[in-house]
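K.L.:
Have a peek at data26.txt (compact mmCIF, C-alpha atoms).
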```txt
# COMPACT_ATOMS: atom_id res chain seq x y z
CA MET A 27 -42.71 -74.43 -16.46
CA PRO A 28 -42.89 -71.82 -13.65
CA LYS A 29 -46.31 -70.43 -12.87
CA LEU A 30 -47.34 -67.08 -11.40
CA SER A 31 -49.45 -66.15 -8.39
CA VAL A 32 -50.81 -62.62 -8.00
CA THR A 33 -51.33 -61.47 -4.41
CA ILE A 34 -53.44 -58.51 -3.27
CA ILE A 35 -54.14 -57.35 0.28
CA THR A 36 -57.34 -55.39 0.85
CA LYS A 37 -59.36 -53.37 3.33
CA ASN A 38 -62.53 -51.64 2.09
CA GLU A 39 -61.40 -51.52 -1.55
CA ALA A 40 -64.78 -52.11 -3.23
CA ALA A 41 -64.29 -49.12 -5.54
CA ASP A 42 -61.03 -50.46 -6.99
CA ILE A 43 -60.63 -54.19 -6.43
CA GLY A 44 -62.72 -55.34 -9.41
CA ALA A 45 -60.63 -53.46 -11.98
CA ALA A 46 -57.38 -54.53 -10.31
CA LEU A 47 -58.34 -58.21 -10.42
CA ALA A 48 -59.62 -57.97 -13.98
CA SER A 49 -56.20 -56.66 -15.06
CA VAL A 50 -54.55 -59.91 -13.82
CA ALA A 51 -57.21 -62.40 -14.92
CA TRP A 52 -54.52 -64.05 -17.08
CA ALA A 53 -52.46 -65.14 -14.03
CA ASP A 54 -52.26 -68.79 -12.97
CA GLU A 55 -53.60 -67.90 -9.54
CA ILE A 56 -54.96 -64.85 -7.71
CA VAL A 57 -54.79 -64.67 -3.91
CA VAL A 58 -56.69 -61.96 -2.03
CA VAL A 59 -56.09 -61.46 1.70
CA ASP A 60 -58.71 -59.15 3.17
CA SER A 61 -58.54 -57.43 6.55
CA ARG A 62 -62.23 -57.73 7.48
CA SER A 63 -63.63 -55.17 5.06
CA THR A 64 -67.02 -53.69 5.88
CA ASP A 65 -67.93 -52.95 2.25
CA ASP A 66 -68.33 -55.29 -0.74
CA THR A 67 -64.61 -55.95 -1.24
CA VAL A 68 -64.78 -59.67 -0.39
CA ALA A 69 -67.89 -60.32 -2.49
CA ILE A 70 -66.32 -58.61 -5.51
CA ALA A 71 -63.04 -60.46 -5.03
CA ARG A 72 -64.83 -63.81 -4.95
CA ARG A 73 -66.23 -63.11 -8.41
CA HIS A 74 -62.65 -63.17 -9.70
CA THR A 75 -60.97 -65.86 -7.59
CA GLU A 76 -61.72 -68.64 -5.13
CA ARG A 77 -58.57 -67.82 -3.13
CA VAL A 78 -59.97 -65.15 -0.79
CA VAL A 79 -58.85 -65.24 2.85
CA VAL A 80 -60.23 -62.95 5.56
CA ARG A 81 -58.06 -62.33 8.60
CA ASP A 82 -57.10 -59.62 11.10
CA TRP A 83 -54.75 -56.82 10.06
CA PRO A 84 -51.17 -57.44 11.30
CA GLY A 85 -49.53 -54.60 9.32
CA TYR A 86 -48.50 -54.16 5.69
CA VAL A 87 -45.33 -56.24 5.82
CA ALA A 88 -46.82 -59.20 7.69
CA GLN A 89 -49.96 -59.24 5.55
CA LYS A 90 -48.05 -59.18 2.26
CA ASN A 91 -45.70 -61.92 3.43
CA TYR A 92 -48.66 -64.00 4.56
CA ALA A 93 -50.30 -63.62 1.15
CA ALA A 94 -47.11 -64.80 -0.55
CA SER A 95 -46.77 -67.71 1.88
CA ILE A 96 -50.17 -69.18 1.00
CA ALA A 97 -49.74 -68.79 -2.76
CA ALA A 98 -49.50 -71.99 -4.77
CA ASN A 99 -46.55 -70.76 -6.86
CA ASP A 100 -43.09 -69.47 -6.01
CA TRP A 101 -43.20 -66.60 -8.50
CA VAL A 102 -45.35 -63.82 -7.05
CA LEU A 103 -46.64 -60.52 -8.43
CA SER A 104 -47.76 -58.30 -5.56
CA LEU A 105 -50.45 -55.84 -6.64
CA ASP A 106 -52.28 -53.09 -4.73
CA ALA A 107 -56.02 -52.61 -5.18
CA ASP A 108 -55.51 -49.17 -6.74
CA GLU A 109 -53.12 -50.52 -9.38
CA ARG A 110 -53.68 -52.05 -12.82
CA VAL A 111 -51.41 -54.25 -14.92
CA THR A 112 -51.33 -52.99 -18.50
CA PRO A 113 -51.63 -55.50 -21.37
CA GLU A 114 -48.01 -54.71 -22.31
CA LEU A 115 -46.79 -55.47 -18.80
CA ALA A 116 -48.91 -58.62 -18.64
CA SER A 117 -47.34 -59.95 -21.87
CA GLU A 118 -43.86 -59.13 -20.60
CA ILE A 119 -44.42 -60.89 -17.26
CA ARG A 120 -45.97 -63.98 -18.84
CA ALA A 121 -43.08 -64.37 -21.28
CA LEU A 122 -40.53 -63.80 -18.52
CA VAL A 123 -41.97 -66.35 -16.09
CA ALA A 124 -42.49 -68.94 -18.83
CA GLY A 125 -38.84 -68.67 -19.78
CA ALA A 126 -37.41 -69.45 -16.30
CA PRO A 127 -36.24 -65.98 -15.09
CA ARG A 128 -32.52 -65.45 -14.50
CA ASP A 129 -33.03 -62.82 -11.81
CA ALA A 130 -34.61 -63.28 -8.39
CA ALA A 131 -36.90 -60.25 -8.66
CA TYR A 132 -37.90 -57.45 -11.04
CA ARG A 133 -38.65 -53.75 -10.71
CA ILE A 134 -41.62 -52.37 -12.62
CA PRO A 135 -42.09 -48.70 -13.64
CA ARG A 136 -45.27 -47.26 -12.16
CA VAL A 137 -47.20 -44.31 -13.60
CA THR A 138 -49.80 -42.41 -11.56
CA TRP A 139 -53.10 -40.94 -12.79
CA HIS A 140 -53.93 -37.66 -11.05
CA LEU A 141 -55.81 -34.47 -11.89
CA GLY A 142 -56.91 -35.82 -15.24
CA ARG A 143 -53.64 -37.09 -16.68
CA TRP A 144 -50.85 -39.64 -16.42
CA ILE A 145 -47.91 -38.09 -14.56
CA ARG A 146 -44.54 -38.89 -16.09
CA THR A 147 -42.62 -36.13 -14.34
CA THR A 148 -41.68 -35.14 -10.74
CA ASP A 149 -40.67 -37.71 -8.13
CA TRP A 150 -43.64 -39.78 -9.26
CA TYR A 151 -42.07 -41.23 -12.38
CA PRO A 152 -40.85 -43.76 -13.19
CA ASP A 153 -41.44 -44.72 -9.52
CA TYR A 154 -39.95 -48.21 -9.87
CA GLN A 155 -41.69 -50.81 -7.72
CA LEU A 156 -40.13 -54.19 -6.93
CA ARG A 157 -43.27 -56.31 -7.19
CA LEU A 158 -42.39 -59.42 -9.19
CA TYR A 159 -40.24 -61.83 -7.19
CA ASP A 160 -39.35 -65.41 -6.38
CA ARG A 161 -40.56 -65.91 -2.81
CA ARG A 162 -37.77 -68.43 -2.20
CA ALA A 163 -35.27 -65.56 -2.46
CA ALA A 164 -37.25 -62.54 -1.28
CA GLU A 165 -39.67 -61.24 1.35
CA TRP A 166 -41.31 -58.00 2.41
CA THR A 167 -39.53 -55.90 5.04
CA GLY A 168 -40.00 -52.48 6.59
CA ALA A 169 -41.68 -50.66 9.45
CA TYR A 170 -44.63 -48.27 9.25
CA VAL A 171 -44.33 -46.83 5.73
CA HIS A 172 -42.59 -47.64 2.47
CA GLU A 173 -42.42 -51.39 2.93
CA ALA A 174 -40.20 -53.04 0.32
CA VAL A 175 -39.09 -56.43 -0.95
CA ALA A 176 -35.65 -57.53 0.26
CA VAL A 177 -34.01 -59.80 -2.31
CA ARG A 178 -31.21 -62.35 -2.00
CA GLY A 179 -30.01 -62.33 -5.58
CA PRO A 180 -29.90 -60.23 -8.75
CA VAL A 181 -32.72 -57.80 -9.57
CA GLY A 182 -33.88 -57.09 -13.11
CA GLN A 183 -36.09 -54.39 -14.59
CA LEU A 184 -39.18 -54.54 -16.79
CA ARG A 185 -40.39 -52.05 -19.40
CA GLY A 186 -44.19 -52.38 -19.18
CA GLU A 187 -45.91 -49.94 -16.84
CA LEU A 188 -47.97 -50.53 -13.73
CA GLN A 189 -50.83 -48.02 -13.60
CA HIS A 190 -51.57 -46.36 -10.27
CA TYR A 191 -54.88 -44.67 -9.42
CA ALA A 192 -53.65 -43.27 -6.14
CA TYR A 193 -56.02 -40.34 -5.42
CA ARG A 194 -59.58 -39.42 -6.27
CA ASP A 195 -58.88 -35.68 -5.98
CA ILE A 196 -56.75 -33.16 -4.08
CA ALA A 197 -58.76 -33.66 -0.88
CA ASP A 198 -58.03 -37.40 -1.00
CA HIS A 199 -54.37 -36.62 -1.75
CA LEU A 200 -54.20 -34.38 1.35
CA GLU A 201 -55.77 -37.05 3.55
CA THR A 202 -53.17 -39.56 2.35
CA ILE A 203 -50.33 -37.11 2.99
CA ASP A 204 -51.60 -36.51 6.53
CA ARG A 205 -51.81 -40.24 7.26
CA TYR A 206 -48.46 -41.20 5.77
CA THR A 207 -46.48 -38.30 7.23
CA THR A 208 -47.64 -39.32 10.71
CA LEU A 209 -46.24 -42.81 10.12
CA ALA A 210 -43.08 -41.48 8.47
CA ALA A 211 -42.37 -39.13 11.38
CA ARG A 212 -42.84 -41.98 13.85
CA GLN A 213 -40.49 -44.18 11.86
CA LEU A 214 -37.83 -41.44 11.70
CA ASP A 215 -38.15 -40.77 15.42
CA GLU A 216 -37.69 -44.43 16.32
CA SER A 217 -34.63 -44.61 14.06
CA GLY A 218 -33.02 -41.73 15.98
CA ARG A 219 -33.47 -39.00 13.37
CA ARG A 220 -33.79 -35.50 14.82
CA ALA A 221 -35.58 -32.52 13.25
CA GLY A 222 -34.82 -28.84 13.73
CA VAL A 223 -35.90 -25.58 12.16
CA LEU A 224 -33.50 -26.05 9.25
CA ASP A 225 -35.16 -29.34 8.29
CA VAL A 226 -38.58 -27.70 8.29
CA ALA A 227 -37.37 -24.58 6.48
CA VAL A 228 -34.89 -25.96 3.95
CA HIS A 229 -36.00 -29.44 2.86
CA PRO A 230 -39.50 -28.50 1.55
CA PRO A 231 -38.37 -25.77 -0.91
CA LEU A 232 -35.54 -28.04 -2.09
CA ALA A 233 -38.10 -30.80 -2.66
CA PHE A 234 -40.21 -28.41 -4.73
CA LEU A 235 -37.25 -27.39 -6.89
CA ARG A 236 -36.27 -31.03 -7.40
CA ASN A 237 -39.81 -31.99 -8.45
CA TYR A 238 -40.66 -28.96 -10.56
CA LEU A 239 -37.32 -28.20 -12.22
CA ALA A 240 -34.87 -31.11 -11.95
CA ARG A 241 -37.51 -33.79 -12.53
CA GLY A 242 -39.56 -31.93 -15.07
CA GLY A 243 -42.79 -31.07 -13.28
CA PHE A 244 -42.94 -27.86 -15.32
CA ARG A 245 -43.58 -29.97 -18.41
CA ASP A 246 -46.99 -30.90 -16.97
CA GLY A 247 -48.00 -27.24 -16.65
CA GLU A 248 -50.39 -26.34 -13.85
CA VAL A 249 -50.81 -29.99 -12.86
CA GLY A 250 -47.04 -30.41 -12.53
CA PHE A 251 -46.86 -27.28 -10.38
CA VAL A 252 -49.61 -28.51 -8.05
CA ILE A 253 -48.06 -31.96 -7.66
CA SER A 254 -44.62 -30.45 -7.02
CA ARG A 255 -46.09 -28.26 -4.29
CA MET A 256 -47.94 -31.23 -2.77
CA ASN A 257 -44.78 -33.31 -2.75
CA ALA A 258 -42.95 -30.45 -1.03
CA TYR A 259 -45.80 -30.19 1.48
CA TYR A 260 -45.36 -33.89 2.27
CA VAL A 261 -41.72 -33.19 3.17
CA PHE A 262 -42.69 -30.17 5.29
CA LEU A 263 -45.35 -32.07 7.21
CA LYS A 264 -43.09 -35.08 7.79
CA PHE A 265 -40.38 -32.97 9.43
CA ALA A 266 -42.89 -30.77 11.28
CA LYS A 267 -44.50 -33.85 12.81
CA LEU A 268 -41.09 -35.28 13.70
CA TRP A 269 -40.21 -31.98 15.39
CA GLU A 270 -43.53 -32.08 17.28
CA LEU A 271 -42.92 -35.67 18.41
CA GLN A 272 -39.55 -34.73 19.84
CA ARG A 273 -40.94 -31.70 21.66
CA ARG A 274 -43.46 -33.95 23.37
CA GLU A 275 -40.72 -36.35 24.41
```
Show this structure as structure tokens.

P.N.:
Amino acid sequence: MPKLSVTIITKNEAADIGAALASVAWADEIVVVDSRSTDDTVAIARRHTERVVVRDWPGYVAQKNYAASIAANDWVLSLDADERVTPELASEIRALVAGAPRDAAYRIPRVTWHLGRWIRTTDWYPDYQLRLYDRRAAEWTGAYVHEAVAVRGPVGQLRGELQHYAYRDIADHLETIDRYTTLAARQLDESGRRAGVLDVAVHPPLAFLRNYLARGGFRDGEVGFVISRMNAYYVFLKFAKLWELQRRE
């Protein structure tokens, strides 16, 4: 019968790692690969699993592939420290793996907690994440941001949700936007994408309309409005930083 390994990569995740690991205590194995945290991440992780490895940070893709490579089982569930597996999702995964899955990987709907509620509108939902996969037919790929699992075979879809505690507050949200838009702009620049005034002027308001109207942000009231504006700001900052990069060049 196939067994499941859960892999988590960490760096100073003491505030979140305990709850994340507790949500997958049912797994056959848990592997934590830590990038030399300076807080209590490693000590907390070792309370939940003996498979804790500390090594230098080689990047998201390399670290996630390394974690999968040292797992004892071919079926892998990749989890982030700020995520939780719901009991419903856990039951679904356990039944699937025990029954010899027909597909090579599975997408999981992810729901984010922000500003006091679960967000099931805007670009944030259902936010499918391909996290459950057979490592013999899949591996992580990507550059600076938005790494993903490349699969050689059919991909299925699960119903149970993955819970995401992405941001403590708006200030934390803004810090994340600043960090990720810098990486996104760099990735776009290296791929040959150019940015002009139309990109900076047109794409952000279109992103707001998509989030707030087309994808139902208005149904979350003031919270939906704020998140729609933040998502539009992400788009603005990404193209503004790309434009700035190209001016420097």

K.L.:
Skip Asp60 (chain A) itself and residues of its chain fewer than 3 positions away, then list as JSON, numbers by chain all residues within 12 Å of it, counting only C-alpha atoms.

P.N.:
{"A": [33, 34, 35, 36, 37, 38, 39, 40, 43, 57, 63, 64, 65, 66, 67, 68, 69, 70, 71, 72, 77, 78, 79, 80, 81, 82, 83, 84, 85, 86, 89, 90, 92, 93, 106, 107]}

K.L.:
Can you tell me which residues surround region 156-161 of chain A at a distance of at most 10 Å, considering all atoms listed in the file, apart from same-chain residues fewer than 2 positions away, and format the answer as a PDB file with C-alpha atoms, in the frame of the given file?

P.N.:
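Saved as around_25.pdb:
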```pdb
ATOM      1  CA  LEU A  30     -47.340 -67.080 -11.400  1.00  0.00           C
ATOM      2  CA  SER A  31     -49.450 -66.150  -8.390  1.00  0.00           C
ATOM      3  CA  VAL A  32     -50.810 -62.620  -8.000  1.00  0.00           C
ATOM      4  CA  THR A  33     -51.330 -61.470  -4.410  1.00  0.00           C
ATOM      5  CA  ASN A  91     -45.700 -61.920   3.430  1.00  0.00           C
ATOM      6  CA  ALA A  94     -47.110 -64.800  -0.550  1.00  0.00           C
ATOM      7  CA  SER A  95     -46.770 -67.710   1.880  1.00  0.00           C
ATOM      8  CA  ALA A  97     -49.740 -68.790  -2.760  1.00  0.00           C
ATOM      9  CA  ASN A  99     -46.550 -70.760  -6.860  1.00  0.00           C
ATOM     10  CA  ASP A 100     -43.090 -69.470  -6.010  1.00  0.00           C
ATOM     11  CA  TRP A 101     -43.200 -66.600  -8.500  1.00  0.00           C
ATOM     12  CA  VAL A 102     -45.350 -63.820  -7.050  1.00  0.00           C
ATOM     13  CA  LEU A 103     -46.640 -60.520  -8.430  1.00  0.00           C
ATOM     14  CA  SER A 104     -47.760 -58.300  -5.560  1.00  0.00           C
ATOM     15  CA  LEU A 105     -50.450 -55.840  -6.640  1.00  0.00           C
ATOM     16  CA  ASP A 106     -52.280 -53.090  -4.730  1.00  0.00           C
ATOM     17  CA  ILE A 119     -44.420 -60.890 -17.260  1.00  0.00           C
ATOM     18  CA  VAL A 123     -41.970 -66.350 -16.090  1.00  0.00           C
ATOM     19  CA  PRO A 127     -36.240 -65.980 -15.090  1.00  0.00           C
ATOM     20  CA  ASP A 129     -33.030 -62.820 -11.810  1.00  0.00           C
ATOM     21  CA  ALA A 130     -34.610 -63.280  -8.390  1.00  0.00           C
ATOM     22  CA  ALA A 131     -36.900 -60.250  -8.660  1.00  0.00           C
ATOM     23  CA  TYR A 132     -37.900 -57.450 -11.040  1.00  0.00           C
ATOM     24  CA  ARG A 133     -38.650 -53.750 -10.710  1.00  0.00           C
ATOM     25  CA  ILE A 134     -41.620 -52.370 -12.620  1.00  0.00           C
ATOM     26  CA  PRO A 135     -42.090 -48.700 -13.640  1.00  0.00           C
ATOM     27  CA  ASP A 153     -41.440 -44.720  -9.520  1.00  0.00           C
ATOM     28  CA  TYR A 154     -39.950 -48.210  -9.870  1.00  0.00           C
ATOM     29  CA  ALA A 163     -35.270 -65.560  -2.460  1.00  0.00           C
ATOM     30  CA  ALA A 164     -37.250 -62.540  -1.280  1.00  0.00           C
ATOM     31  CA  GLU A 165     -39.670 -61.240   1.350  1.00  0.00           C
ATOM     32  CA  TRP A 166     -41.310 -58.000   2.410  1.00  0.00           C
ATOM     33  CA  ALA A 174     -40.200 -53.040   0.320  1.00  0.00           C
ATOM     34  CA  VAL A 175     -39.090 -56.430  -0.950  1.00  0.00           C
ATOM     35  CA  ALA A 176     -35.650 -57.530   0.260  1.00  0.00           C
ATOM     36  CA  VAL A 177     -34.010 -59.800  -2.310  1.00  0.00           C
ATOM     37  CA  ARG A 178     -31.210 -62.350  -2.000  1.00  0.00           C
ATOM     38  CA  GLY A 179     -30.010 -62.330  -5.580  1.00  0.00           C
ATOM     39  CA  VAL A 181     -32.720 -57.800  -9.570  1.00  0.00           C
ATOM     40  CA  GLY A 182     -33.880 -57.090 -13.110  1.00  0.00           C
ATOM     41  CA  GLN A 183     -36.090 -54.390 -14.590  1.00  0.00           C
ATOM     42  CA  LEU A 184     -39.180 -54.540 -16.790  1.00  0.00           C
ATOM     43  CA  LEU A 188     -47.970 -50.530 -13.730  1.00  0.00           C
TER      44      LEU A 188
END
```

K.L.:
What are the nearest atom pairs, with distances in Å to one decimal, for all residues of region 140-226 of chain A that come at most 10 Å from region 247-258 of chain A, using only C-alpha atoms, set out by chain and rising residue number as JSON lines?

P.N.:
```
{"residue": "A:His140", "atom": "CA", "partner": "A:Val249", "partner_atom": "CA", "distance": 8.5}
{"residue": "A:Leu141", "atom": "CA", "partner": "A:Val249", "partner_atom": "CA", "distance": 6.8}
{"residue": "A:Gly142", "atom": "CA", "partner": "A:Val249", "partner_atom": "CA", "distance": 8.8}
{"residue": "A:Arg143", "atom": "CA", "partner": "A:Val249", "partner_atom": "CA", "distance": 8.5}
{"residue": "A:Ile145", "atom": "CA", "partner": "A:Gly250", "partner_atom": "CA", "distance": 8.0}
{"residue": "A:Arg146", "atom": "CA", "partner": "A:Gly250", "partner_atom": "CA", "distance": 9.5}
{"residue": "A:Thr147", "atom": "CA", "partner": "A:Gly250", "partner_atom": "CA", "distance": 7.5}
{"residue": "A:Thr148", "atom": "CA", "partner": "A:Ser254", "partner_atom": "CA", "distance": 6.7}
{"residue": "A:Asp149", "atom": "CA", "partner": "A:Asn257", "partner_atom": "CA", "distance": 8.1}
{"residue": "A:Trp150", "atom": "CA", "partner": "A:Ile253", "partner_atom": "CA", "distance": 9.1}
{"residue": "A:Ile196", "atom": "CA", "partner": "A:Met256", "partner_atom": "CA", "distance": 9.1}
{"residue": "A:His199", "atom": "CA", "partner": "A:Met256", "partner_atom": "CA", "distance": 8.5}
{"residue": "A:Leu200", "atom": "CA", "partner": "A:Met256", "partner_atom": "CA", "distance": 8.1}
{"residue": "A:Ile203", "atom": "CA", "partner": "A:Met256", "partner_atom": "CA", "distance": 8.6}
```

K.L.:
Do you have the CA of Asp198 (chain A)-CA of Leu263 (chain A) distance handy?

P.N.:
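CA of Asp198 (chain A) sits 16.0 Å away from CA of Leu263 (chain A).
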
K.L.:
Taking 5 positions as the minimum chain separation for residues in the same chain, which residues sit within 12 Å of Ala169 (chain A) when counting all atoms listed in the file? Answer as a PyMOL selection string.

P.N.:
chain A and resi 84-88+174+209-214+216-217

K.L.:
At what distance in Å, to one decimal, does CA of Ser117 (chain A) lie from CA of Trp52 (chain A)?

P.N.:
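Calculated distance between CA of Trp52 (chain A) and CA of Ser117 (chain A) is 9.6 Å.
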
K.L.:
Would you work out the distance separating CA of Thr207 (chain A) from CA of Tyr260 (chain A), expressed in Å to one decimal?

P.N.:
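Value for the CA of Thr207 (chain A)-CA of Tyr260 (chain A) distance: 6.7 Å.
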
K.L.:
Can you tell me which residues surround Arg220 (chain A) at a distance of at most 9 Å, considering only C-alpha atoms, apart from same-chain residues fewer than 5 positions away, and format the answer as JSON, numbers by chain?

P.N.:
{"A": [214, 215, 265, 268, 269, 272]}

K.L.:
List the spatial neighbours of His74 (chain A) as an mmCIF file with C-alpha atoms, in the frame of the given file - criterion: any atom at most 10 Å away, only C-alpha atoms, same-chain residues fewer than 6 positions off excluded.

P.N.:
```cif
data_model
loop_
_atom_site.group_PDB
_atom_site.id
_atom_site.type_symbol
_atom_site.label_atom_id
_atom_site.label_comp_id
_atom_site.auth_asym_id
_atom_site.auth_seq_id
_atom_site.Cartn_x
_atom_site.Cartn_y
_atom_site.Cartn_z
ATOM 1 C CA ILE A 43 -60.630 -54.190 -6.430
ATOM 2 C CA GLY A 44 -62.720 -55.340 -9.410
ATOM 3 C CA LEU A 47 -58.340 -58.210 -10.420
ATOM 4 C CA ALA A 48 -59.620 -57.970 -13.980
ATOM 5 C CA VAL A 50 -54.550 -59.910 -13.820
ATOM 6 C CA ALA A 51 -57.210 -62.400 -14.920
ATOM 7 C CA ILE A 56 -54.960 -64.850 -7.710
ATOM 8 C CA VAL A 57 -54.790 -64.670 -3.910
ATOM 9 C CA VAL A 58 -56.690 -61.960 -2.030
#
```
